[in-house]
$ cat structure.csv   # CSV, C-alpha atoms and all ligand atoms
chain,number,residue,atom,x,y,z
A,1,MET,CA,12.1,5.0,-29.2
A,2,SER,CA,14.8,5.1,-26.7
A,3,GLU,CA,17.3,6.7,-29.1
A,4,PHE,CA,17.5,10.4,-28.6
A,5,PHE,CA,18.9,13.1,-30.7
A,6,TRP,CA,21.7,13.9,-28.3
A,7,SER,CA,22.9,10.3,-28.4
A,8,ASN,CA,23.8,8.0,-31.3
A,9,ASN,CA,24.0,4.3,-31.3
A,10,ALA,CA,27.6,4.3,-30.1
A,11,ILE,CA,27.7,6.8,-27.3
A,12,ASN,CA,25.2,8.5,-24.9
A,13,TYR,CA,26.6,11.9,-24.3
A,14,ALA,CA,24.4,12.3,-21.1
A,15,ALA,CA,27.2,10.3,-19.4
A,16,LEU,CA,29.4,13.4,-19.6
A,17,ALA,CA,27.2,15.1,-17.0
A,18,ILE,CA,28.9,12.9,-14.4
A,19,PRO,CA,32.5,14.2,-14.8
A,20,ALA,CA,31.0,17.7,-15.4
A,21,PHE,CA,29.2,17.5,-12.1
A,22,PHE,CA,32.5,16.6,-10.2
A,23,LEU,CA,34.4,19.2,-12.1
A,24,PHE,CA,32.1,22.0,-10.9
A,25,LEU,CA,31.9,20.5,-7.4
A,26,GLY,CA,35.7,20.5,-7.3
A,27,LEU,CA,35.8,24.1,-8.5
A,28,GLU,CA,33.3,25.1,-5.9
A,29,TYR,CA,35.5,23.4,-3.2
A,30,VAL,CA,38.6,25.2,-4.5
A,31,ALA,CA,36.7,28.5,-4.4
A,32,ALA,CA,35.5,27.7,-0.9
A,33,ILE,CA,39.1,27.2,0.3
A,34,ARG,CA,40.1,30.5,-1.3
A,35,GLN,CA,37.2,32.3,0.4
A,36,ARG,CA,37.9,30.4,3.7
A,37,LYS,CA,34.4,28.9,3.6
A,38,THR,CA,35.2,25.2,3.7
A,39,HIS,CA,32.5,24.9,6.4
A,40,VAL,CA,29.9,24.8,3.5
A,41,PHE,CA,31.1,21.2,2.9
A,42,ASN,CA,30.6,18.3,5.1
A,43,PHE,CA,32.0,14.9,4.2
A,44,ASP,CA,29.2,12.6,5.4
A,45,SER,CA,26.5,14.8,4.0
A,46,SER,CA,28.2,15.1,0.6
A,47,VAL,CA,28.5,11.3,0.4
A,48,ALA,CA,24.8,11.0,1.2
A,49,ASN,CA,23.9,13.6,-1.4
A,50,ILE,CA,26.0,12.0,-4.1
A,51,SER,CA,24.7,8.5,-3.2
A,52,ILE,CA,21.1,9.6,-3.8
A,53,GLY,CA,22.1,11.3,-7.1
A,54,ILE,CA,23.8,8.1,-8.4
A,55,ALA,CA,20.7,6.1,-7.8
A,56,GLU,CA,18.5,8.6,-9.6
A,57,ARG,CA,20.8,8.9,-12.6
A,58,LEU,CA,21.0,5.1,-12.8
A,59,LEU,CA,17.3,4.4,-12.6
A,60,ASN,CA,16.6,7.5,-14.8
A,61,LEU,CA,18.3,5.7,-17.7
A,62,PHE,CA,15.4,3.2,-17.7
A,63,LEU,CA,12.8,5.9,-17.0
A,64,THR,CA,13.8,8.4,-19.6
A,65,ALA,CA,13.2,6.0,-22.5
A,66,SER,CA,9.8,5.1,-21.0
A,67,PHE,CA,8.7,8.6,-20.5
A,68,TYR,CA,9.9,9.6,-24.0
A,69,GLY,CA,7.5,6.9,-25.2
A,70,VAL,CA,4.7,8.3,-23.0
A,71,PHE,CA,5.3,11.9,-24.3
A,72,THR,CA,5.3,10.7,-27.9
A,73,TYR,CA,2.0,8.8,-27.3
A,74,ILE,CA,0.4,11.8,-25.7
A,75,TYR,CA,1.7,14.1,-28.5
A,76,GLU,CA,0.4,11.8,-31.3
A,77,HIS,CA,-3.0,11.1,-29.8
A,78,PHE,CA,-4.0,14.0,-27.6
A,79,ALA,CA,-2.0,17.1,-28.5
A,80,LEU,CA,-4.3,20.1,-28.2
A,81,TRP,CA,-2.5,22.3,-30.8
A,82,ALA,CA,-0.1,21.6,-33.6
A,83,ILE,CA,2.8,23.8,-32.5
A,84,PRO,CA,5.5,24.4,-35.1
A,85,ASN,CA,9.3,24.3,-34.5
A,86,THR,CA,10.2,28.0,-34.7
A,87,TRP,CA,12.5,30.1,-32.5
A,88,GLY,CA,9.5,31.9,-30.9
A,89,VAL,CA,8.1,28.5,-29.9
A,90,TRP,CA,11.3,27.7,-28.1
A,91,VAL,CA,10.9,30.9,-26.0
A,92,MET,CA,7.3,29.9,-25.3
A,93,LEU,CA,8.4,26.4,-24.4
A,94,ILE,CA,10.9,27.5,-21.8
A,95,LEU,CA,8.3,29.8,-20.2
A,96,VAL,CA,5.7,27.0,-20.1
A,97,THR,CA,8.2,24.5,-18.8
A,98,ASP,CA,9.2,26.8,-16.0
A,99,LEU,CA,5.5,27.5,-15.2
A,100,VAL,CA,4.8,23.7,-15.0
A,101,TRP,CA,7.9,23.4,-12.8
A,102,TYR,CA,6.7,26.1,-10.5
A,103,TRP,CA,3.4,24.2,-9.8
A,104,TYR,CA,5.0,20.8,-9.7
A,105,HIS,CA,7.5,22.1,-7.1
A,106,ARG,CA,4.9,24.1,-5.1
A,107,LEU,CA,2.5,21.1,-5.0
A,108,GLY,CA,5.6,19.0,-4.0
A,109,HIS,CA,5.7,21.2,-0.8
A,110,GLU,CA,1.9,21.5,-0.2
A,111,ILE,CA,0.7,17.9,-0.7
A,112,ASN,CA,1.9,15.1,1.5
A,113,LEU,CA,2.1,12.4,-1.2
A,114,PHE,CA,4.3,14.6,-3.4
A,115,TRP,CA,6.3,15.9,-0.4
A,116,ALA,CA,7.1,12.3,0.4
A,117,ALA,CA,9.1,12.3,-2.8
A,118,HIS,CA,10.5,15.8,-2.7
A,119,ILE,CA,11.4,16.0,1.0
A,120,VAL,CA,14.7,14.1,0.2
A,121,HIS,CA,15.9,17.2,-1.7
A,122,HIS,CA,15.5,19.2,1.5
A,123,HIS,CA,17.1,16.8,4.0
A,124,SER,CA,20.6,18.3,3.6
A,125,GLU,CA,21.8,20.7,6.3
A,126,GLU,CA,24.6,21.8,4.1
A,127,PHE,CA,24.2,23.8,0.9
A,128,ASN,CA,26.5,23.4,-2.0
A,129,TYR,CA,26.5,21.9,-5.5
A,130,SER,CA,26.3,18.3,-4.2
A,131,VAL,CA,22.8,19.1,-2.8
A,132,SER,CA,21.5,19.5,-6.4
A,133,ALA,CA,22.1,15.7,-6.7
A,134,ARG,CA,19.5,15.0,-4.0
A,135,ILE,CA,16.8,14.0,-6.4
A,136,THR,CA,15.2,10.6,-6.0
A,137,THR,CA,13.8,8.4,-8.7
A,138,LEU,CA,10.4,8.7,-7.1
A,139,GLN,CA,10.6,12.4,-7.6
A,140,SER,CA,11.6,11.9,-11.2
A,141,ILE,CA,8.5,9.9,-11.8
A,142,VAL,CA,6.3,12.6,-10.3
A,143,ARG,CA,8.1,15.3,-12.3
A,144,ASN,CA,7.7,13.4,-15.6
A,145,VAL,CA,4.0,13.1,-14.9
A,146,PHE,CA,3.8,16.9,-14.7
A,147,TRP,CA,6.0,17.3,-17.8
A,148,SER,CA,3.3,15.3,-19.7
A,149,VAL,CA,1.4,18.6,-19.9
A,150,LEU,CA,4.0,19.8,-22.5
A,151,PRO,CA,3.3,17.3,-25.3
A,152,LEU,CA,-0.4,17.5,-24.3
A,153,VAL,CA,-0.3,21.3,-25.1
A,154,GLY,CA,1.4,20.4,-28.4
A,155,PHE,CA,5.1,20.7,-28.0
A,156,HIS,CA,7.1,18.0,-29.9
A,157,PRO,CA,8.6,15.4,-27.5
A,158,ALA,CA,12.1,16.0,-28.9
A,159,MET,CA,11.8,19.7,-28.2
A,160,VAL,CA,10.5,18.9,-24.7
A,161,MET,CA,13.4,16.5,-24.0
A,162,THR,CA,15.9,19.2,-25.1
A,163,ILE,CA,14.4,21.9,-23.0
A,164,LEU,CA,14.3,19.6,-19.9
A,165,VAL,CA,18.0,19.0,-20.2
A,166,VAL,CA,18.6,22.8,-20.2
A,167,HIS,CA,16.1,23.4,-17.4
A,168,GLY,CA,17.5,20.6,-15.3
A,169,THR,CA,21.1,21.7,-15.8
A,170,TYR,CA,20.4,25.3,-14.7
A,171,SER,CA,19.2,24.3,-11.2
A,172,PHE,CA,22.6,22.7,-10.5
A,173,PHE,CA,24.1,26.2,-10.4
A,174,THR,CA,21.7,27.7,-8.0
A,175,HIS,CA,22.9,25.4,-5.2
A,176,THR,CA,25.8,27.4,-3.8
A,177,GLN,CA,26.7,29.7,-0.9
A,178,LEU,CA,29.7,31.2,-2.7
A,179,ILE,CA,27.8,33.5,-5.1
A,180,ARG,CA,26.3,36.2,-3.0
A,181,SER,CA,24.3,38.2,-5.6
A,182,LEU,CA,24.1,38.4,-9.4
A,183,GLY,CA,23.0,42.1,-9.5
A,184,TRP,CA,20.2,43.0,-11.9
A,185,LEU,CA,19.8,39.3,-12.8
A,186,GLU,CA,18.3,38.8,-9.3
A,187,HIS,CA,15.1,40.5,-10.7
A,188,ILE,CA,14.8,38.0,-13.7
A,189,LEU,CA,16.3,34.7,-12.7
A,190,ILE,CA,16.2,32.3,-9.8
A,191,THR,CA,19.7,32.9,-8.5
A,192,PRO,CA,21.7,31.1,-5.8
A,193,SER,CA,20.4,33.7,-3.3
A,194,HIS,CA,16.8,32.9,-4.1
A,195,HIS,CA,17.3,29.2,-4.0
A,196,ARG,CA,19.2,29.5,-0.6
A,197,VAL,CA,15.9,30.9,0.7
A,198,HIS,CA,14.0,28.0,-0.6
A,199,HIS,CA,16.3,25.5,1.2
A,200,ALA,CA,16.2,27.3,4.5
A,201,SER,CA,14.1,26.4,7.5
A,202,ASN,CA,14.0,30.0,8.9
A,203,GLU,CA,10.3,30.9,9.7
A,204,LYS,CA,10.2,33.7,7.1
A,205,TYR,CA,11.8,31.5,4.4
A,206,LEU,CA,9.4,28.6,4.6
A,207,ASN,CA,7.5,27.7,1.4
A,208,LYS,CA,9.1,30.4,-0.6
A,209,ASN,CA,10.9,30.6,-4.0
A,210,TYR,CA,9.6,27.6,-5.9
A,211,GLY,CA,10.9,28.7,-9.3
A,212,ASP,CA,13.7,27.0,-11.2
A,213,LEU,CA,14.7,29.4,-13.9
A,214,PHE,CA,12.6,32.6,-13.7
A,215,VAL,CA,11.8,34.5,-10.5
A,216,PHE,CA,8.6,36.1,-11.8
A,217,TRP,CA,6.3,33.1,-11.1
A,218,ASP,CA,7.0,33.4,-7.4
A,219,LYS,CA,6.3,37.1,-7.5
A,220,LEU,CA,3.1,36.5,-9.5
A,221,PHE,CA,1.8,33.8,-7.2
A,222,GLY,CA,2.9,35.5,-4.0
A,223,THR,CA,5.6,33.1,-2.8
A,224,PHE,CA,8.7,35.3,-3.3
A,225,GLN,CA,11.0,36.1,-0.5
A,226,LYS,CA,14.3,38.0,-0.7
A,227,GLU,CA,17.4,36.6,1.1
A,228,GLU,CA,17.7,38.8,4.2
A,229,GLU,CA,18.8,36.9,7.3
A,230,GLN,CA,21.4,34.1,7.2
A,231,PRO,CA,19.6,30.9,6.0
A,232,VAL,CA,19.6,27.8,8.2
A,233,TYR,CA,19.5,24.9,5.8
A,234,GLY,CA,17.5,21.7,6.1
A,235,LEU,CA,14.1,20.6,7.4
A,236,THR,CA,12.3,22.2,10.3
A,237,HIS,CA,12.5,18.8,11.9
A,238,PRO,CA,15.8,17.4,10.6
A,239,LEU,CA,16.2,13.9,9.6
A,240,LYS,CA,18.9,12.3,11.7
A,241,SER,CA,19.9,9.5,9.3
A,242,TYR,CA,22.1,8.9,6.4
A,243,SER,CA,20.5,5.5,5.7
A,244,PHE,CA,20.1,5.2,1.9
A,245,ILE,CA,16.8,3.4,2.2
A,246,TRP,CA,15.4,5.4,5.1
A,247,GLN,CA,16.1,8.7,3.4
A,248,HIS,CA,14.1,7.5,0.4
A,249,PHE,CA,11.1,6.0,2.2
A,250,HIS,CA,10.7,7.5,5.7
A,251,TYR,CA,8.0,10.0,4.7
A,252,PHE,CA,6.0,7.3,2.8
A,253,LEU,CA,6.1,5.2,6.0
A,254,GLU,CA,5.1,8.2,8.1
A,255,LEU,CA,2.1,8.7,5.8
A,256,LEU,CA,1.2,5.0,6.0
A,257,TYR,CA,1.4,5.1,9.8
A,258,ALA,CA,-0.7,8.3,10.0
A,259,THR,CA,-3.4,6.9,7.7
A,260,ARG,CA,-3.7,3.8,9.9
A,261,GLN,CA,-4.3,6.0,12.9
A,262,VAL,CA,-7.6,7.4,11.4
A,263,SER,CA,-10.7,5.6,10.2
A,264,GLY,CA,-12.7,6.2,7.1
A,265,ILE,CA,-11.4,6.6,3.6
A,266,GLY,CA,-12.1,10.4,3.6
A,267,ASN,CA,-9.9,11.0,6.6
A,268,LYS,CA,-7.1,8.8,5.1
A,269,LEU,CA,-7.3,10.8,1.8
A,270,LYS,CA,-7.2,14.0,3.8
A,271,ILE,CA,-3.8,12.9,5.2
A,272,VAL,CA,-2.4,11.7,1.9
A,273,PHE,CA,-3.4,14.9,0.0
A,274,GLY,CA,-3.2,17.2,2.9
A,275,PRO,CA,-0.4,19.7,3.7
A,276,PRO,CA,2.8,18.4,5.4
A,277,GLU,CA,2.3,20.9,8.3
A,278,MET,CA,-0.7,19.0,9.5
A,279,LEU,CA,1.1,15.6,9.8
A,280,ASP,CA,1.7,14.5,13.4
A,281,GLN,CA,5.3,15.4,14.1
A,282,ASN,CA,5.6,12.7,16.7
A,283,ILE,CA,5.3,9.9,14.1
A,284,ARG,CA,8.9,10.2,12.8
A,285,PRO,CA,10.7,9.8,16.1
A,286,LEU,CA,8.5,6.8,16.8
A,287,LEU,CA,9.3,5.1,13.5
A,288,GLU,CA,13.0,6.1,13.9
A,289,LYS,CA,13.1,4.2,17.1
A,290,ARG,CA,11.6,1.2,15.5
A,291,PHE,CA,13.5,1.1,12.2
A,292,ILE,CA,16.8,2.8,12.6
A,293,PRO,CA,17.8,2.5,16.3
A,294,ASP,CA,21.1,3.3,17.9
A,295,ARG,CA,22.8,5.2,15.1
A,296,ARG,CA,26.4,5.7,15.9
A,297,GLU,CA,28.1,9.0,15.3
A,298,THR,CA,30.3,9.6,12.4
A,299,ASN,CA,33.8,8.0,12.1
A,300,ALA,CA,36.7,10.3,11.6
A,301,LEU,CA,39.3,7.6,10.7
A,302,VAL,CA,41.1,8.5,7.5
A,303,ARG,CA,41.0,4.8,6.3
A,304,PHE,CA,37.2,4.8,6.9
A,305,LYS,CA,36.8,7.9,4.6
A,306,VAL,CA,39.1,6.4,2.0
A,307,TYR,CA,37.1,3.2,2.0
A,308,LEU,CA,33.9,5.1,1.6
A,309,VAL,CA,35.3,7.2,-1.3
A,310,ILE,CA,36.5,4.0,-3.1
A,311,GLN,CA,33.0,2.6,-2.8
A,312,LEU,CA,31.4,5.7,-4.2
A,313,GLY,CA,34.0,5.9,-6.9
A,314,LEU,CA,33.4,2.4,-8.0
A,315,ALA,CA,29.6,3.0,-8.2
A,316,LEU,CA,30.3,6.1,-10.2
A,317,VAL,CA,32.6,4.3,-12.7
A,318,VAL,CA,30.0,1.6,-13.3
A,319,LEU,CA,27.3,4.3,-13.7
A,320,PHE,CA,29.4,6.2,-16.1
A,321,PHE,CA,30.0,3.3,-18.4
A,322,ILE,CA,26.4,2.0,-18.2
A,323,THR,CA,25.3,5.5,-19.2
A,324,LEU,CA,27.9,6.0,-21.9
A,325,PHE,CA,27.2,2.6,-23.6
A,326,TYR,CA,23.6,2.3,-22.6
A,327,GLN,CA,22.4,1.3,-26.1
A,328,GLN,CA,24.9,-1.6,-26.4
A,329,THR,CA,24.7,-2.8,-22.8
A,330,GLN,CA,23.0,-6.2,-22.6
A,331,PRO,CA,20.1,-6.7,-20.2
A,332,LEU,CA,22.2,-9.0,-18.0
A,333,GLU,CA,25.0,-6.4,-17.7
A,334,LYS,CA,22.3,-3.7,-16.9
A,335,VAL,CA,20.9,-5.9,-14.1
A,336,VAL,CA,24.3,-6.8,-12.6
A,337,GLY,CA,25.5,-3.2,-12.9
A,338,THR,CA,22.3,-1.9,-11.3
A,339,LEU,CA,22.5,-4.5,-8.5
A,340,PHE,CA,26.1,-3.6,-7.9
A,341,ILE,CA,25.5,0.1,-7.7
A,342,LEU,CA,22.4,-0.2,-5.5
A,343,ILE,CA,24.1,-2.5,-3.0
A,344,THR,CA,27.1,-0.2,-2.9
A,345,LEU,CA,24.8,2.8,-2.2
A,346,VAL,CA,23.0,1.0,0.6
A,347,ASN,CA,26.4,0.1,1.9
A,348,CYS,CA,27.7,3.7,1.9
A,349,GLY,CA,24.6,4.9,3.9
A,350,ALA,CA,25.1,2.0,6.4
A,351,LEU,CA,28.8,2.8,6.7
A,352,LEU,CA,28.0,6.4,7.6
A,353,GLU,CA,25.9,5.1,10.4
A,354,GLN,CA,28.5,2.5,11.5
A,355,ARG,CA,26.2,-0.4,10.9
A,356,ARG,CA,27.7,-3.8,11.6
A,357,TRP,CA,25.4,-5.6,9.2
A,358,ILE,CA,27.3,-4.1,6.2
A,359,TYR,CA,29.6,-7.0,6.6
A,360,TYR,CA,26.8,-9.3,5.2
A,361,LEU,CA,26.0,-6.8,2.5
A,362,GLU,CA,29.6,-6.9,1.4
A,363,TYR,CA,29.2,-10.7,1.0
A,364,LEU,CA,26.1,-10.2,-1.0
A,365,ARG,CA,27.9,-7.8,-3.4
A,366,LEU,CA,30.8,-10.2,-3.6
A,367,LEU,CA,28.4,-13.0,-4.6
A,368,VAL,CA,26.8,-10.8,-7.3
A,369,VAL,CA,30.2,-10.0,-8.8
A,370,VAL,CA,31.6,-13.5,-8.6
A,371,THR,CA,28.4,-15.1,-10.0
A,372,TYR,CA,28.6,-12.7,-12.9
A,373,ALA,CA,32.3,-13.3,-13.4
A,374,SER,CA,32.0,-17.1,-13.4
A,375,TYR,CA,29.1,-16.8,-15.9
A,376,ILE,CA,31.1,-14.7,-18.2
A,377,ILE,CA,34.2,-16.9,-18.2
A,378,GLU,CA,32.0,-20.0,-18.0
A,379,ARG,CA,33.7,-21.3,-14.9
A,380,PRO,CA,31.0,-22.2,-12.4
A,381,GLU,CA,33.7,-23.8,-10.2
A,382,LEU,CA,34.9,-20.3,-9.5
A,383,LEU,CA,31.6,-19.4,-7.9
A,384,ALA,CA,31.6,-22.7,-5.9
A,385,GLY,CA,35.2,-22.0,-4.7
A,386,VAL,CA,34.5,-18.5,-3.6
A,387,LEU,CA,31.3,-19.7,-1.9
A,388,VAL,CA,33.1,-22.4,0.1
A,389,VAL,CA,36.0,-20.1,1.1
A,390,SER,CA,33.8,-17.2,2.1
A,391,LEU,CA,31.5,-19.4,4.2
A,392,ALA,CA,34.5,-20.8,6.0
A,393,MET,CA,35.8,-17.3,6.6
A,394,LEU,CA,32.5,-15.7,7.5
A,395,TRP,CA,32.9,-15.7,11.2
A,396,PRO,CA,36.7,-15.4,11.6
A,397,MET,CA,36.8,-12.4,9.2
A,398,GLN,CA,34.0,-10.4,10.7
A,399,LYS,CA,35.9,-8.9,13.7
A,400,TRP,CA,38.9,-8.2,11.5
A,401,TYR,CA,36.7,-6.5,8.9
A,402,LEU,CA,34.8,-4.3,11.3
A,403,ARG,CA,38.0,-3.2,13.0
A,404,LEU,CA,39.6,-2.4,9.7
A,405,VAL,CA,36.7,-0.2,8.6
A,406,TYR,CA,35.4,1.3,11.9
A,407,GLY,CA,38.5,1.0,14.1
A,408,GLN,CA,36.5,-1.2,16.5
A,409,GLY,CA,35.2,-4.8,16.4
B,501,ZN,ZN,11.7,22.3,-2.8
B,502,ZN,ZN,17.3,22.8,-4.5
$ encode --input "structure.csv" --output "structure tokens"
Amino acid sequence: MSEFFWSNNAINYAALAIPAFFLFLGLEYVAAIRQRKTHVFNFDSSVANISIGIAERLLNLFLTASFYGVFTYIYEHFALWAIPNTWGVWVMLILVTDLVWYWYHRLGHEINLFWAAHIVHHHSEEFNYSVSARITTLQSIVRNVFWSVLPLVGFHPAMVMTILVVHGTYSFFTHTQLIRSLGWLEHILITPSHHRVHHASNEKYLNKNYGDLFVFWDKLFGTFQKEEEQPVYGLTHPLKSYSFIWQHFHYFLELLYATRQVSGIGNKLKIVFGPPEMLDQNIRPLLEKRFIPDRRETNALVRFKVYLVIQLGLALVVLFFITLFYQQTQPLEKVVGTLFILITLVNCGALLEQRRWIYYLEYLRLLVVVTYASYIIERPELLAGVLVVSLAMLWPMQKWYLRLVYGQG
């Protein structure tokens, strides 16, 4: 069930999306230097974007197989029509997929529960290819529920999976400020210009351009807006945090808090399924004070940036190999790899906020790695040794470590 047509038992070619992503991101950066527009990149923000993308790609490995199973089940038991595999059907499928996307995306902006998952895509105040990675696993789940309409209509799950790869890849290319206009294509496709409008918080750009591939759905349903004034990217009320966990869950917490303020199930449901504009804007600062106090400003030290890049690089290497050899990877390796990556991502977010507790998180990661290593080489004394040494060094090392990373103890 989990074996797809684009992968065989040896290699999962989906892994190649990772180097391809960085190749295009690198090309965009080179083009930005040539056009003297390096301001479209911001180091901290790019690290945050890529961190979120890594988590989604990782957890999506487990999700994709499950949803392929769900799509197949729906197709075999509930398909409304038996749609054949002809070229005309592929055209129809891409149109239907894009229409489903339009409504999935629009509802993602109009209903609080869905916005809680989609908001993460809009946190970024920069706009470049790295922003396309800001998709969370929670959003993937919501999206796959919407995609279930496709096998229900009668499209074969294998066709659906193929078209979703094409559809998902296209949206990467609309996240750039370097392409001004695509001429006549502006009337047919969602172009970088149209998608810049979607990511902007200017009054006239709010809740516009939901399409992914074709622009005519927005024109048909009255949500189209041409790019006129310079877009200001990000949320109307920006999120002032790079915390990996906070970025993922802050809006769910805001919703929880808001539902607790009202009585009666009807009023609570009105909040959960109501529009984001109606949610009390004072809740977020209140929760920020409670859960993410005293965030320090970013660190400009070169060694701090190098340290961060190494962490992200390690997470990417582990992700690449788990993806590439997903079929052969044993459950234990999957669990250890996932733990390693997730701890590293939480670490990266905490580093961006200069949190001192990352020191303990580093210990946790070390423990995971050493436990796994001593299991593999069947040397439990290795684990015991590292445990003793690290416990003895815990306090003396802390000041040295924090000074090394942040430049202050
Ligand atoms: Zn959106
Ligand atoms: Zn986007």
$ closest_residue --input "structure.csv" --among "A:Gly108, A:Gly266, A:Gly26, A:Pro157" --to "Glu76 in chain A" --atoms "all atoms listed in the file"
A:Pro157
$ closest_residue --input "structure.csv" --among "A:Glu362, A:Phe173, A:His122, A:Leu255" --to "Val232 in chain A" --atoms "only C-alpha atoms"
A:His122
$ residues_near_ligand --input "structure.csv" --ligand "ligand ZN 502 (chain B)" --cutoff "7 Å" --atoms "only C-alpha atoms and all ligand atoms" --output "compact mmCIF listing (two decimals) with C-alpha atoms, in the coordinates of the input"
# COMPACT_ATOMS: atom_id res chain seq x y z
CA HIS A 121 15.90 17.20 -1.70
CA VAL A 131 22.80 19.10 -2.80
CA SER A 132 21.50 19.50 -6.40
CA HIS A 175 22.90 25.40 -5.20
CA HIS A 195 17.30 29.20 -4.00
CA HIS A 199 16.30 25.50 1.20
$ residues_near_ligand --input "structure.csv" --ligand "ligand ZN 501 (chain B)" --cutoff "12 Å" --atoms "all atoms listed in the file" --output "number ranges by chain"
A: 101-110, 114-124, 131-132, 134-135, 139, 171, 175, 194-201, 205-212, 233-235
$ atom_distance --input "structure.csv" --atom1 "CA of Thr323 in chain A" --atom2 "CA of Asn12 in chain A"
6.4 Å
$ closest_residue --input "structure.csv" --among "A:Gln230, A:Ser66, A:Thr162, A:Ser390" --to "Leu367 in chain A" --atoms "all atoms listed in the file"
A:Ser390
$ closest_residue --input "structure.csv" --among "A:Phe304, A:Phe127, A:Tyr359, A:Tyr326" --to "Thr64 in chain A" --atoms "all atoms listed in the file"
A:Tyr326
$ closest_residue --input "structure.csv" --among "A:Ala133, A:Leu213, A:Ile54, A:Ile94" --to "Leu25 in chain A" --atoms "only C-alpha atoms"
A:Ala133
$ residues_around --input "structure.csv" --residues "Tyr401 in chain A" --least-positions-apart "3" --cutoff "12 Å" --atoms "all atoms listed in the file" --output "list in words"
Phe304, Tyr307, Arg356, Trp357, Ile358, Tyr359, Tyr360, Glu362, Tyr363, Met393, Leu394, Trp395, Pro396, Met397, Gln398, Leu404, Val405, Tyr406, Gly407, Gln408 and Gly409 of chain A
$ residues_around --input "structure.csv" --residues "Trp81 in chain A" --least-positions-apart "4" --cutoff "12 Å" --atoms "only C-alpha atoms" --output "count of residues only"
10
$ residues_around --input "structure.csv" --residues "Leu113 in chain A" --least-positions-apart "5" --cutoff "12 Å" --atoms "only C-alpha atoms" --output "number ranges by chain"
A: 107-108, 118-119, 138-139, 142, 249, 251-256, 259, 268-276, 279
$ atom_distance --input "structure.csv" --atom1 "CA of Glu228 in chain A" --atom2 "CA of Thr97 in chain A"
28.7 Å
